[in-house]
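Q: First the structure, then my questions, so here it is.
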Amino acid sequence: MRVYVPLTLPGLAEAYKTGELGSGPFVAYAVTPALREWYLSDDIEELEYAALNRAALASLRLLAGDAEAVRRRVVVAVDVPDGTATSDPDRALDPAALGEVRVAGAVPLDKAAAVHVDAGDAEADVAAAAGALAAADAGDDDAQFVVDGAEDHELLWFARQEIPNLVGLGS
């Protein structure tokens, strides 16, 4: 099963240093039955993209809580064995939890299929979105517009081998 793990660049650096994602259980996003029902599509690529976007929003939430992190959303796509990631049936239809799964234990970083990261030109919009997130959650439409502005930036695709360069450890 493919899951999308939301991180920040410091979180990615830590995963690179330890060689694993999370210590378990940790939150990730995947194509769940509730996400399929909400998205109303059978196209697996569209559903995977929706799960990736849910993880990107979770990465934005991590950035909102870490004032020191570079303002770029980070999502690691990783394949885990079936049954490793489970959704909470009590939260399955909660709009805030669509696609959310819990991964039971640490996942080796070498299982990552790809890393998705904002380009440098997204930093100002991502910073503004992280700052507006609390107001958007409280129902402020103007703040939600700012948060949605971060979604205008497509996350770039990087191979797992490019992680050292992404976190400033490459040559």
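Every chain in the structure tokens takes a letter, A first, then B, and so on in the order presented; its residues are numbered from 1, and the ligands are numbered from 1 following the presented order.
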Give me the residues within 10 Å of range 162-169 of chain A as a ChimeraX atom specification, counting only C-alpha atoms and dropping any in the same chain fewer than 5 places off.

A: /A:8-17,114-115,117,157

Q: For range 83-97 of chain A, please output as a VMD selection string all residues within 8 Å (counting only C-alpha atoms; exclusion window: fewer than 4 positions along the same chain).

A: chain A and resid 1 3 32 34 101 to 105

Q: As a list in words, please: all residues of range 70-148 of chain A that backbone DSSP puts in strand (DSSP E).

A: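 Those residues are Val74, Val75, Val76, Ala77, Val78, Asp79, Ala85, Thr86, Glu100, Val101, Arg102, Val103, Val107, Pro108, Ala112, Ala113, Ala114, Val115, His116 and Val117 of chain A.
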
Q: Compile the contact shell of range 44-60 of chain A as a PyMOL selection string: residues with an atom at most 10 Å away, counting only C-alpha atoms, same-chain residues fewer than 5 positions apart removed.

A: chain A and resi 2-9+27-32+35-36+39+65-66+71-77+96-100+116-118+126-127+129-131+133+147-148+150-151+154-155

Q: Report as a VMD selection string: the residues of range 20-117 of chain A with a DSSP assignment of alpha helix (DSSP H), based on the backbone of this structure.

A: chain A and resid 33 to 39 44 to 64

Q: Would you mind exporting C-alpha atoms of the selected residues as a PDB file, in the first residue's frame?

A:
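To be explicit, this is the file written out as out-v3.pdb:
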```pdb
ATOM      1  CA  PRO A  33     -12.543   3.876   1.273  1.00  0.00           C
ATOM      2  CA  ALA A  34     -13.693   7.206   2.739  1.00  0.00           C
ATOM      3  CA  LEU A  35     -11.363   9.151   0.429  1.00  0.00           C
ATOM      4  CA  ARG A  36     -12.707   7.189  -2.554  1.00  0.00           C
ATOM      5  CA  GLU A  37     -16.270   7.999  -1.521  1.00  0.00           C
ATOM      6  CA  TRP A  38     -15.504  11.679  -0.935  1.00  0.00           C
ATOM      7  CA  TYR A  39     -13.551  12.113  -4.189  1.00  0.00           C
ATOM      8  CA  ILE A  44      -6.280   5.573  -9.008  1.00  0.00           C
ATOM      9  CA  GLU A  45      -3.956   8.358 -10.154  1.00  0.00           C
ATOM     10  CA  GLU A  46      -6.510  11.007  -9.186  1.00  0.00           C
ATOM     11  CA  LEU A  47      -7.084   9.293  -5.844  1.00  0.00           C
ATOM     12  CA  GLU A  48      -3.341   9.076  -5.139  1.00  0.00           C
ATOM     13  CA  TYR A  49      -3.041  12.767  -5.995  1.00  0.00           C
ATOM     14  CA  ALA A  50      -5.867  13.543  -3.551  1.00  0.00           C
ATOM     15  CA  ALA A  51      -4.053  11.567  -0.817  1.00  0.00           C
ATOM     16  CA  LEU A  52      -0.818  13.430  -1.633  1.00  0.00           C
ATOM     17  CA  ASN A  53      -2.659  16.762  -1.279  1.00  0.00           C
ATOM     18  CA  ARG A  54      -4.100  15.699   2.077  1.00  0.00           C
ATOM     19  CA  ALA A  55      -0.536  14.936   3.221  1.00  0.00           C
ATOM     20  CA  ALA A  56       0.647  18.312   1.886  1.00  0.00           C
ATOM     21  CA  LEU A  57      -1.975  20.025   4.055  1.00  0.00           C
ATOM     22  CA  ALA A  58      -0.748  17.994   7.040  1.00  0.00           C
ATOM     23  CA  SER A  59       2.803  19.119   6.229  1.00  0.00           C
ATOM     24  CA  LEU A  60       1.534  22.712   6.276  1.00  0.00           C
ATOM     25  CA  ARG A  61       0.149  22.032   9.759  1.00  0.00           C
ATOM     26  CA  LEU A  62       3.575  20.789  10.852  1.00  0.00           C
ATOM     27  CA  LEU A  63       5.122  23.991   9.486  1.00  0.00           C
ATOM     28  CA  ALA A  64       2.587  26.080  11.410  1.00  0.00           C
TER      29      ALA A  64
END
```

Q: Give me, as a ChimeraX atom specification, all polymer residues having an atom no more than 8 Å from Lys111 in chain A, counting only C-alpha atoms and skipping those fewer than 4 positions away in the same chain.

A: /A:78-80,107
